[in-house]
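Visitor: Got a structure for you, written out below as C-alpha cells; questions coming shortly.
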Amino acid sequence: MKKIFEIPLYPYARSADQDAPAPVRHKVVVVGAGPIGLAAGIDLAQQGIEVLILDDNDKVSFGSRAVCYAKRPLEILDRLGCGKRMVEKGVEWNVGKVFFDDRLVYEFNLLPEEGHQFPAFINLQQYYFEEYMVDRIRELQKEGAPIEIRGRNKVAAVADHGDHVAIEVDTPEGPYNLTADWLIACDGANSSIRSMMGLDFVGRVFEDNFLISDIIMEADFPTERWFWFDPPFNRGQSALLHKQPDNVWRIDLQLGWDIDKEREKRPENVIPRLKAMLGEDVEFELEWISIYTFQCRRMEKFRHGRVIFAGDAAHQVSPFGARGANSGLQDTDNLCWKLKLVMDGKAPESLLDSYDFERIHGADENILNSTRSTDFITPKSEISRIFRDAVLDLSEHFEFARPMVNSGRLSVPCTYDGSPLNSADALLGGPARTRPGSPCPDAPLGDEFLLPKLGGRFTLLTIDADAPDVIEEDGIEVTRLALSVKDDPTLALKERYLGDAESAVYLIRPDQHVAARRPSFDENIFRAAIRRATGKE
Amino acid sequence: MAELNLQPNIDDPDGFYAELLAAHEGLEKVESDALNARLVLVLANHIGDRHVLRQALAAAALKKED
Ligand SMILES: Cc1cc2nc3c(=O)[nH]c(=O)nc-3n(C[C@H](O)[C@H](O)[C@H](O)COP(=O)(O)OP(=O)(O)OC[C@H]3O[C@@H](n4cnc5c(N)ncnc54)[C@H](O)[C@@H]3O)c2cc1C
C-alpha cells in the first residue's frame, strides 16, 4: 500500500493562467503548501479573499517531520475547520519520563488545566496534518470559496513593484507569469524567495547531527514522551522516543558533529542502533530516516513591502520544544485578519507592521527557549556538561533540580506585551494571563466552550457588565458576547477573566488575543481601543 | 532587596574549610568537579533570590558588578 506522502494530492494540471495573453492578477499568492502556507490559504479563503497557493511539489510532507502539536495551534486549526479531525486521529499524551545513564531520574505530568476544549498536546505525523488541511481546501472549494492550489508550480522569480508583486512560475510545461496584490512566502527554511530578494537569515547553527527515525512497531511502551541523557545505547549523546498514530514511533538519536551522514542513514547502520535501544527481539519496520542539523535563526524583518514571510521561511528553531509548525501557525493567525482589513480598506497598511512587531517577539521567545534547550541537551563545553550532569543527578534525589532539567520547553503561545495594538490594562485585580496582548485561554460554558464563540472577528466580551450589542468604529464591526460568571459553574471563566474584579469588558481581536480590558463599558475608551487595535492610533 | 553578604558570615571558618576539603577527599578530579557543580546548584537554590545570585556570580568572577 502506498503511504499518503507518496500520493500526489494536488497533481500538476495546466491552468488557464498559463495561456493568458497577459499575466493574470490574483489577490493573494501563497508560496508553499507546507502547514503554514496551507493555513494561510484556508484562513484567507474563509474570509472570502481570493487566494492561490503554489507549491513546487505535489505531495504532503515526505516523512513525518513535525509530530507534536500544542493546544493553541489546535484551537487555531479548529477555527480553520480541521482541528477536531487532527485530535481524533492524534495521540494525546501527558506523561514524560527523563532517563540519565541507565536510570529513570524523574517523571512529569503536564497536568493539563481542566476546562479547555483541546488537549495540551497531540502527536500526529505532519503528513496527516497536511492531508487534512488539503481536504479542508477541497471542502472549501466545493462550497465555492475562492481558493486554488497548484502543484509542481515552482516560484522562480519575485519582484515587488510597490502596488503589486510580479511572479514567475516554473512548471513541467514551462514557465508563466502572474501578478498578485500580496504575496505570502511560506516556502520553508531554505526559502528561495528570501534568497532571491537577497534577505538575511542570521542566527546560530548547532554543531550536531540528529538521526530521526520513524519506525512501525507493535510495542507496549506507554503513550509517553521518553527522553534519555547519555544512555548506555547512545553514550555521551541523547535520545527521544515518542508515539504517533498507526503504531509509528519517533526516535531521535543524537550523533554528534563529525559523522558521515550518508553512511549513518543506511538501514544497515540504523537498525543496530535502534536494536541497541529497543532490545534485540523487538520487531520493527523503518518508515522514514533522516539526519538533521539544527539552527536557530530569523529574518530581521518579516514584512518586505507586499511580500510577507511566515513560518520556517521567516524563522527556524531546533525541534526541541516543538515550536516550528506550532509557531508558524500563530504567524498566519496573526497576519490574515490584518491583511483582510488592509485589503478591504478598513485599516492602514501600517497595521501590517504590527505583524512584524508581534511575530518577531514570538520568534525571539521561541529561539530563546529552543536555544536554551539545545544547550542543555547538547552541552558545548566540558563545564556545561558538568553542570548539566549535576542537574540530572540532583533531579533524581531532590525536587528543586527538576525544573532545571530541560529536554525541550514545549510550545506555548506568546503574549504580545508592549504591542502597539494593545491598550493599557485597566482591569484592576484582573488575571495576568489575560492582560492585553495575551491569547485568550479557553473556558467551559456548560456543554460548550468560549473560544469557538469568539470565532475570528472582533468581539466585545462582557462578563457581568453592560454594553451595546454592536459597535461600529470606522468600518470595524465589533459584536458583543455577553457572559456571566454563572455561565460556568466550574468558575474557570471567573478565574481566567475576572480574577479579583467583579465584572469585565474585554476587546478581543480576530486572532483571539486581548486588545483591551476594563471593569465596565465606556464608549469613548473602547472606540479608541478599536482604533488602536487596527493600527489607527 | 536583599544584598549579597560579602562579610565574614560562617562560624568557625577553619572548621567549615576542613569539611569542604573532606567532602572532596579521595575523589578523582571528575568526581570533584561534579561535586562542586552539585554544591553550587544546591546553594544557589537555597539562596533563590536572582539579584543575590547575580551579585554572587559577579563576586566569584572577581569583577566589579555592573
Ligand atoms: C525532524 C523534525 C521534527 C520536527 N518536529 C516538530 C514538532 O514536533 N512540532 C512542530 O511544531 N514543528 C516541528 N518541526 C518543524 C516543522 O516541520 C516546520 O516548522 C514546518 O514544517 C514549517 O512549515 P512551513 O510551512 O513553514 O515550511 P515547510 O513545511 O518546509 O513547507 C515549505 C513548502 O514550500 C515549498 N516550496 C519551497 N520553495 C518553493 C518555491 N520556490 N516555489 C513553490 N513552492 C516552494 C516546499 O515544497 C514545501 O512544500 C520539526 C521539523 C523537523 C525537521
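All residue names refer to the C-alpha cells as shown: chains lettered A, B, ... in order, residues numbered from 1 in each chain, ligands numbered from 1 in order.
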Leaving out Met1 (chain B) and any residue of its chain fewer than 3 positions from it, which residues lie within 12 Å of it when counting only C-alpha atoms, given as a PyMOL selection string?
Guide: chain B and resi 4+49-52
Visitor: Filtering to all heavy atoms, could you give me those residues as an mmCIF file, in the first residue's frame?
Guide:
```cif
data_model
loop_
_atom_site.group_PDB
_atom_site.id
_atom_site.type_symbol
_atom_site.label_atom_id
_atom_site.label_comp_id
_atom_site.auth_asym_id
_atom_site.auth_seq_id
_atom_site.Cartn_x
_atom_site.Cartn_y
_atom_site.Cartn_z
ATOM 1 N N LEU B 4 23.893 40.633 48.604
ATOM 2 C CA LEU B 4 24.852 39.560 48.866
ATOM 3 C C LEU B 4 25.749 39.957 50.040
ATOM 4 O O LEU B 4 26.278 41.069 50.087
ATOM 5 C CB LEU B 4 25.712 39.330 47.620
ATOM 6 C CG LEU B 4 26.797 38.263 47.746
ATOM 7 C CD1 LEU B 4 26.177 36.870 47.826
ATOM 8 C CD2 LEU B 4 27.760 38.346 46.562
ATOM 9 N N ASP B 49 17.093 34.031 45.489
ATOM 10 C CA ASP B 49 16.965 35.424 45.047
ATOM 11 C C ASP B 49 17.889 35.708 43.850
ATOM 12 O O ASP B 49 19.114 35.681 43.979
ATOM 13 C CB ASP B 49 17.333 36.318 46.242
ATOM 14 C CG ASP B 49 17.095 37.789 45.965
ATOM 15 O OD1 ASP B 49 17.272 38.224 44.812
ATOM 16 O OD2 ASP B 49 16.749 38.500 46.929
ATOM 17 N N ARG B 50 17.270 36.014 42.689
ATOM 18 C CA ARG B 50 18.071 36.170 41.470
ATOM 19 C C ARG B 50 19.048 37.344 41.563
ATOM 20 O O ARG B 50 20.137 37.326 40.993
ATOM 21 C CB ARG B 50 17.159 36.359 40.246
ATOM 22 C CG ARG B 50 16.447 35.095 39.827
ATOM 23 C CD ARG B 50 17.376 34.118 39.118
ATOM 24 N NE ARG B 50 18.016 34.672 37.931
ATOM 25 C CZ ARG B 50 17.426 34.749 36.736
ATOM 26 N NH1 ARG B 50 16.201 34.306 36.574
ATOM 27 N NH2 ARG B 50 18.064 35.262 35.699
ATOM 28 N N HIS B 51 18.650 38.357 42.300
ATOM 29 C CA HIS B 51 19.514 39.533 42.433
ATOM 30 C C HIS B 51 20.783 39.149 43.209
ATOM 31 O O HIS B 51 21.900 39.470 42.805
ATOM 32 C CB HIS B 51 18.729 40.640 43.144
ATOM 33 C CG HIS B 51 19.543 41.832 43.527
ATOM 34 N ND1 HIS B 51 20.036 42.705 42.581
ATOM 35 C CD2 HIS B 51 19.941 42.284 44.749
ATOM 36 C CE1 HIS B 51 20.716 43.656 43.208
ATOM 37 N NE2 HIS B 51 20.681 43.429 44.517
ATOM 38 N N VAL B 52 20.585 38.423 44.302
ATOM 39 C CA VAL B 52 21.732 37.998 45.106
ATOM 40 C C VAL B 52 22.599 37.024 44.290
ATOM 41 O O VAL B 52 23.831 37.102 44.304
ATOM 42 C CB VAL B 52 21.260 37.346 46.424
ATOM 43 C CG1 VAL B 52 22.438 36.792 47.209
ATOM 44 C CG2 VAL B 52 20.482 38.360 47.256
#
```
Visitor: Counting only C-alpha atoms and all ligand atoms, what are the residues, protein, DNA or RNA alike, that approach ligand 1 to within 6 Å? I want them as a ChimeraX atom specification.
Guide: /A:31-37,54-57,65-69,153-156,186-189,191-192,311-313,319,322-326
Visitor: Pull out every residue of chain B sitting within 6 Å of chain A, counting only C-alpha atoms, and send them as a PDB file with C-alpha atoms, in the first residue's frame.
Guide:
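Printed below is iface-v5.pdb as written:
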```
ATOM      1  CA  ALA B  34      30.806  17.033  39.708  1.00  0.00           C
ATOM      2  CA  ALA B  37      28.785  21.648  40.448  1.00  0.00           C
ATOM      3  CA  ARG B  38      26.135  19.957  42.572  1.00  0.00           C
TER       4      ARG B  38
END
```
Visitor: Out of B:Ile10, B:Leu20, B:Val40, B:Ile47, which residue has the shortest atom-to-atom distance to Ala60 (chain B) when counting only C-alpha atoms?
Guide: B:Val40
Visitor: Region 361-378 of chain A: which residues within 7 Å, counting only C-alpha atoms, same-chain residues fewer than 3 positions away excluded, as a PyMOL selection string?
Guide: chain A and resi 238+296+315+317-318+320-321+323+357-358+388+406-409+414
Visitor: DSSP says helix (DSSP H, G or I) for which residues of chain B? Put them as a PyMOL selection string?
Guide: chain B and resi 13-24+29-47+50-60
Visitor: If you measure from CA of Lys338 (chain A) to CA of Ser354 (chain A), what distance in Å do you get, rounded to one decimal?
Guide: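 Value for the CA of Lys338 (chain A)-CA of Ser354 (chain A) distance: 8.9 Å.
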Visitor: What's the separation between CA of Trp249 (chain A) and CA of Ile215 (chain A), in Å to one decimal place?
Guide: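 Distance reported for this atom pair: 5.3 Å.
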Visitor: Please extract the residues of region 129-310 of chain A with a backbone DSSP assignment of strand (DSSP E or B) and present them as a ChimeraX atom specification.
Guide: /A:147-150,154-160,165-170,176-185,202-205,209-216,225-229,238-244,248-256,285-292,295-298,303-304,307-309
Visitor: Which residues are near region 245-247 of chain A? Cut-off 12 Å, only C-alpha atoms, ignore same chain within fewer than 4 positions. Put them as a VMD selection string.
Guide: chain A and resid 3 64 67 to 68 86 to 93 122 to 129 214 to 223 284 to 287
Visitor: Store the residues picked out above in a file with N, CA, C and O atoms, as a compact mmCIF listing (two decimals), in the first residue's frame.
Guide:
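selection_19.txt, freshly written:
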```txt
# COMPACT_ATOMS: atom_id res chain seq x y z
N LYS A 3 1.98 4.97 0.90
CA LYS A 3 1.80 5.89 2.03
C LYS A 3 1.17 7.18 1.49
O LYS A 3 1.37 7.54 0.33
N SER A 64 7.41 12.01 8.51
CA SER A 64 6.53 12.64 9.48
C SER A 64 6.96 14.06 9.86
O SER A 64 6.14 14.90 10.12
N VAL A 67 5.79 16.28 14.68
CA VAL A 67 4.84 15.31 15.21
C VAL A 67 4.03 15.84 16.39
O VAL A 67 3.03 15.27 16.76
N CYS A 68 4.47 16.92 17.00
CA CYS A 68 3.91 17.33 18.27
C CYS A 68 3.20 18.67 18.10
O CYS A 68 3.83 19.67 17.75
N MET A 86 -7.87 16.36 13.56
CA MET A 86 -6.49 16.10 13.97
C MET A 86 -6.45 15.48 15.37
O MET A 86 -5.70 14.56 15.63
N VAL A 87 -7.30 16.02 16.25
CA VAL A 87 -7.32 15.48 17.61
C VAL A 87 -7.85 14.05 17.61
O VAL A 87 -7.33 13.18 18.32
N GLU A 88 -8.86 13.78 16.76
CA GLU A 88 -9.39 12.41 16.70
C GLU A 88 -8.34 11.42 16.26
O GLU A 88 -8.22 10.33 16.79
N LYS A 89 -7.54 11.82 15.26
CA LYS A 89 -6.52 10.90 14.75
C LYS A 89 -5.29 10.88 15.66
O LYS A 89 -4.62 9.86 15.80
N GLY A 90 -4.99 12.01 16.26
CA GLY A 90 -3.74 12.16 17.00
C GLY A 90 -3.69 11.35 18.28
O GLY A 90 -4.71 10.84 18.76
N VAL A 91 -2.51 11.25 18.83
CA VAL A 91 -2.30 10.55 20.09
C VAL A 91 -2.10 11.61 21.17
O VAL A 91 -1.24 12.48 21.04
N GLU A 92 -2.90 11.54 22.24
CA GLU A 92 -2.74 12.50 23.33
C GLU A 92 -1.76 11.95 24.36
O GLU A 92 -1.77 10.76 24.63
N TRP A 93 -0.96 12.83 24.90
CA TRP A 93 -0.03 12.36 25.94
C TRP A 93 0.16 13.44 27.00
O TRP A 93 0.04 14.62 26.71
N ILE A 122 -1.01 16.96 21.10
CA ILE A 122 -1.23 15.68 20.42
C ILE A 122 0.00 15.39 19.58
O ILE A 122 0.73 16.30 19.18
N ASN A 123 0.21 14.11 19.33
CA ASN A 123 1.22 13.71 18.36
C ASN A 123 0.51 13.24 17.10
O ASN A 123 -0.44 12.46 17.17
N LEU A 124 0.98 13.76 15.99
CA LEU A 124 0.38 13.42 14.70
C LEU A 124 1.45 13.65 13.63
O LEU A 124 2.13 14.68 13.66
N GLN A 125 1.56 12.73 12.71
CA GLN A 125 2.54 12.90 11.64
C GLN A 125 2.20 14.14 10.82
O GLN A 125 1.03 14.38 10.51
N GLN A 126 3.23 14.87 10.40
CA GLN A 126 3.00 16.08 9.60
C GLN A 126 2.26 15.75 8.31
O GLN A 126 1.48 16.55 7.81
N TYR A 127 2.47 14.54 7.76
CA TYR A 127 1.77 14.23 6.51
C TYR A 127 0.27 14.15 6.70
O TYR A 127 -0.49 14.55 5.82
N TYR A 128 -0.20 13.67 7.87
CA TYR A 128 -1.65 13.66 8.11
C TYR A 128 -2.15 15.09 8.31
O TYR A 128 -3.21 15.47 7.84
N PHE A 129 -1.35 15.83 9.07
CA PHE A 129 -1.67 17.22 9.35
C PHE A 129 -1.93 17.98 8.03
O PHE A 129 -2.94 18.64 7.85
N ASP A 214 11.50 7.17 11.98
CA ASP A 214 10.13 6.77 12.28
C ASP A 214 10.05 5.29 12.00
O ASP A 214 10.37 4.86 10.89
N ILE A 215 9.64 4.53 13.00
CA ILE A 215 9.56 3.09 12.79
C ILE A 215 8.15 2.62 13.11
O ILE A 215 7.43 3.25 13.89
N ILE A 216 7.78 1.53 12.47
CA ILE A 216 6.46 0.96 12.74
C ILE A 216 6.71 -0.26 13.60
O ILE A 216 7.48 -1.15 13.22
N MET A 217 6.14 -0.27 14.79
CA MET A 217 6.31 -1.45 15.63
C MET A 217 5.10 -1.63 16.54
O MET A 217 4.43 -0.70 16.94
N GLU A 218 4.82 -2.89 16.82
CA GLU A 218 3.78 -3.25 17.79
C GLU A 218 4.53 -3.32 19.11
O GLU A 218 5.21 -4.30 19.38
N ALA A 219 4.43 -2.27 19.91
CA ALA A 219 5.20 -2.30 21.15
C ALA A 219 4.28 -1.90 22.28
O ALA A 219 3.32 -1.18 22.08
N ASP A 220 4.59 -2.38 23.46
CA ASP A 220 3.72 -1.99 24.56
C ASP A 220 4.32 -0.88 25.42
O ASP A 220 4.01 -0.75 26.59
N PHE A 221 5.20 -0.07 24.80
CA PHE A 221 5.63 1.14 25.52
C PHE A 221 4.40 2.01 25.73
O PHE A 221 3.55 2.09 24.86
N PRO A 222 4.31 2.69 26.87
CA PRO A 222 3.14 3.56 27.07
C PRO A 222 3.20 4.81 26.20
O PRO A 222 4.25 5.13 25.63
N THR A 223 2.06 5.50 26.10
CA THR A 223 2.00 6.73 25.31
C THR A 223 2.58 7.87 26.14
O THR A 223 1.86 8.65 26.74
N PHE A 284 10.50 -4.37 14.15
CA PHE A 284 10.03 -3.07 13.64
C PHE A 284 10.37 -2.94 12.17
O PHE A 284 11.16 -3.69 11.62
N GLU A 285 9.75 -1.94 11.56
CA GLU A 285 9.96 -1.66 10.15
C GLU A 285 10.31 -0.17 10.05
O GLU A 285 9.73 0.64 10.77
N LEU A 286 11.25 0.18 9.20
CA LEU A 286 11.61 1.60 9.06
C LEU A 286 10.61 2.29 8.14
O LEU A 286 10.31 1.79 7.07
N GLU A 287 10.10 3.45 8.58
CA GLU A 287 9.21 4.20 7.69
C GLU A 287 9.94 5.37 7.04
O GLU A 287 9.78 5.67 5.86
```
Visitor: What is the distance between CA of Ala529 (chain A) and CA of Arg72 (chain A), in Å to one decimal?
Guide: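 Spanning CA of Ala529 (chain A) to CA of Arg72 (chain A) is a straight-line distance of 24.6 Å.
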